Amino acid sequence: MTARELQLQAFDRLLNIMDDLREKCPWDKKQTLQTLRHLTIEETYELGDAILDNDLQEVKKELGDLLLHIVFYSKIGSETNDFDITDVCNEICEKLIHRHPHIYGDVVVENEEEVKQNWEKLKLKEGKKSVLEGVPRSLPALVKASRIQDKVKGVGFDWEEPHQVWDKVQEELEELQVEVKAGNQEKMESEFGDVLFSMINYARFLNVNPEDALERTNKKFIKRFQYLESKASQLGKSLADMTLAEMDVFWNEAKKL
């Protein structure tokens with residue numbers, strides 16, 4: 001049996017199991033598109049954690065969980081005669097073929113940037129009124145800002161050099177400080193948002209994913225803080241009873257680990 005035949009056999013097995021669960025399991029029978037939504041989001045974040053941790057065994061497991069959700073949604077769609085897994089697969093196949101004319105047509109591209117620009121232009125030809133229509137409204141703000149900037153870059157709305165973006169960051173920081181000194185809370189929030197947006201833009205020019213960067217810092221802080229807590233516990237103290245100088249000793253130890 002070839003590798004492709006094994007892949008198809010495994011996918012067929014999953015489809016059959018989904019049929020069984022939907023028919024026989026009380027919990028699976030009750031699920032709807034709406035009840036699965038928050039679980040899918042949770043699984044996506046778990047996959048993201050596994051990727052950041054470079055835990056490939058966990059990545060494999062989380063991909064399976066996400067694949068199950070795709071099959072689950074498709075099964076529910078088939079029960080209402082709206083769509084099934086065949087429709088889902090064919091829909092994405094047609095989209096990929098249409099949006100890759102440099103592979104399946106006669107369009108010539110020189111690099112990755114031209115591919116992305118063509119992608120956005122094709123989406124507009126498909127009837128979208130704005131390149132930003134493809135940015136989900138429910139995305140977390142930091143991720144949404146990054147996607148917005150990627151989208152507008154695809155149609156040429158972008159800075160030319162990294163130093164220009166850094167100058168913009170500095171400009172926004174100065175504007176924030178003006179409002180901090182003035183004590184205007186509403187304007188402080190607005191300017192702080194501008195600072196974050198410009199920093200995300202700068203990250204893009206540095207080829208740094210801001211979401212990944214921040215999450216790695218979160219993980220690093222948690223690890224160091226928990227080390228600090230464990231050391232305090234070994235001394236029979238609570239953090240509230242320790243001075244900042246005492247805590248700083250253990251914090252610096254944690255940084256060296």
# chains A, B, ... in the order shown; residues from 1 in each chain; ligands from 1

$ residues_around --residues "A:Lys144" --least-positions-apart "5" --cutoff "12 Å" --atoms "only C-alpha atoms" --output "number ranges by chain"
A: 132-139, 149-151, 196-197, 200-201, 210-211

$ closest_residue --among "A:Ile85, A:Ala3, A:Leu68, A:Val208" --to "A:Thr40" --atoms "only C-alpha atoms"
A:Leu68

$ atom_distance --atom1 "atom CA of A:Ser146" --atom2 "atom CA of A:Thr44"
17.9 Å

$ residues_around --residues "A:Glu175" --least-positions-apart "6" --cutoff "10 Å" --atoms "only C-alpha atoms" --output "number ranges by chain"
A: 169, 187-188, 191-192, 194-195

$ write_last_selection --atoms "C-alpha atoms" --output "compact mmCIF listing (two decimals), in the first residue's frame"
# COMPACT_ATOMS: atom_id res chain seq x y z
CA VAL A 169 7.35 54.42 16.68
CA LYS A 187 -6.26 60.29 24.72
CA MET A 188 -3.64 58.24 26.58
CA GLU A 191 -2.00 57.10 21.78
CA PHE A 192 -0.99 53.90 23.57
CA ASP A 194 -1.00 53.88 18.23
CA VAL A 195 2.29 52.93 19.89

$ atom_distance --atom1 "atom CA of A:Tyr73" --atom2 "atom CA of A:Leu21"
13.0 Å

$ select_by_dssp --residues "stretch 8-237 of chain A" --states "alpha helix (DSSP H)" --output "number ranges by chain"
A: 8-24, 26-30, 33-52, 56-79, 85-98, 101-104, 112-125, 141-153, 162-182, 185-205, 210-234

$ atom_distance --atom1 "atom CA of A:Gln177" --atom2 "atom CA of A:Tyr202"
19.6 Å

$ closest_atom_pairs --of "stretch 126-224 of chain A" --to "stretch 250-256 of chain A" --cutoff "9 Å" --atoms "only C-alpha atoms" --output "Markdown table"
| residue | atom | partner | partner_atom | distance |
| --- | --- | --- | --- | --- |
| A:Lys220 | CA | A:Lys255 | CA | 8.9 |
| A:Lys223 | CA | A:Ala254 | CA | 8.1 |
| A:Arg224 | CA | A:Ala254 | CA | 5.2 |

$ write_last_selection --atoms "all heavy atoms" --output "compact mmCIF listing (two decimals), in the first residue's frame"
# COMPACT_ATOMS: atom_id res chain seq x y z
N LYS A 220 8.41 32.99 29.44
CA LYS A 220 9.67 33.23 30.15
C LYS A 220 9.40 33.86 31.51
O LYS A 220 10.00 33.46 32.52
CB LYS A 220 10.55 34.16 29.29
CG LYS A 220 11.90 34.49 29.89
CD LYS A 220 12.78 35.20 28.86
CE LYS A 220 12.17 36.48 28.35
NZ LYS A 220 13.03 37.16 27.37
N LYS A 223 7.90 31.27 33.94
CA LYS A 223 8.91 30.33 34.41
C LYS A 223 9.78 30.96 35.49
O LYS A 223 10.07 30.34 36.54
CB LYS A 223 9.78 29.88 33.23
CG LYS A 223 10.78 28.79 33.57
CD LYS A 223 11.52 28.32 32.31
CE LYS A 223 12.51 27.22 32.63
NZ LYS A 223 13.22 26.75 31.42
N ARG A 224 10.20 32.19 35.28
CA ARG A 224 11.06 32.87 36.25
C ARG A 224 10.30 33.20 37.54
O ARG A 224 10.85 33.07 38.64
CB ARG A 224 11.63 34.16 35.65
CG ARG A 224 12.64 33.89 34.53
CD ARG A 224 13.10 35.17 33.86
NE ARG A 224 14.06 34.89 32.80
CZ ARG A 224 14.56 35.82 31.98
NH1 ARG A 224 14.18 37.08 32.11
NH2 ARG A 224 15.42 35.49 31.03

$ closest_residue --among "A:Lys75, A:His69, A:Lys61, A:Lys129" --to "A:Glu23" --atoms "only C-alpha atoms"
A:Lys75

$ closest_residue --among "A:Ile70, A:Val155, A:Leu142, A:Leu56" --to "A:Glu114" --atoms "only C-alpha atoms"
A:Val155

$ closest_residue --among "A:Lys60, A:Trp159, A:Ser74, A:Asp19" --to "A:Cys89" --atoms "only C-alpha atoms"
A:Ser74

$ residues_around --residues "A:Glu58" --least-positions-apart "4" --cutoff "8 Å" --atoms "only C-alpha atoms" --output "PyMOL selection string"
chain A and resi 47+50+62

$ write_last_selection --atoms "N, CA, C and O atoms" --output "PDB file, in the first residue's frame"
ATOM      1  N   LEU A  47      -2.750  24.133  19.966  1.00  0.00           N
ATOM      2  CA  LEU A  47      -1.808  23.843  18.887  1.00  0.00           C
ATOM      3  C   LEU A  47      -0.727  24.914  18.839  1.00  0.00           C
ATOM      4  O   LEU A  47       0.459  24.606  18.688  1.00  0.00           O
ATOM      5  N   ALA A  50       1.838  24.310  21.502  1.00  0.00           N
ATOM      6  CA  ALA A  50       2.724  23.184  21.172  1.00  0.00           C
ATOM      7  C   ALA A  50       3.770  23.591  20.141  1.00  0.00           C
ATOM      8  O   ALA A  50       4.928  23.176  20.215  1.00  0.00           O
ATOM      9  N   GLU A  62      -2.465  17.742  18.651  1.00  0.00           N
ATOM     10  CA  GLU A  62      -3.356  18.884  18.519  1.00  0.00           C
ATOM     11  C   GLU A  62      -3.867  19.030  17.080  1.00  0.00           C
ATOM     12  O   GLU A  62      -5.004  19.472  16.855  1.00  0.00           O
TER      13      GLU A  62
END
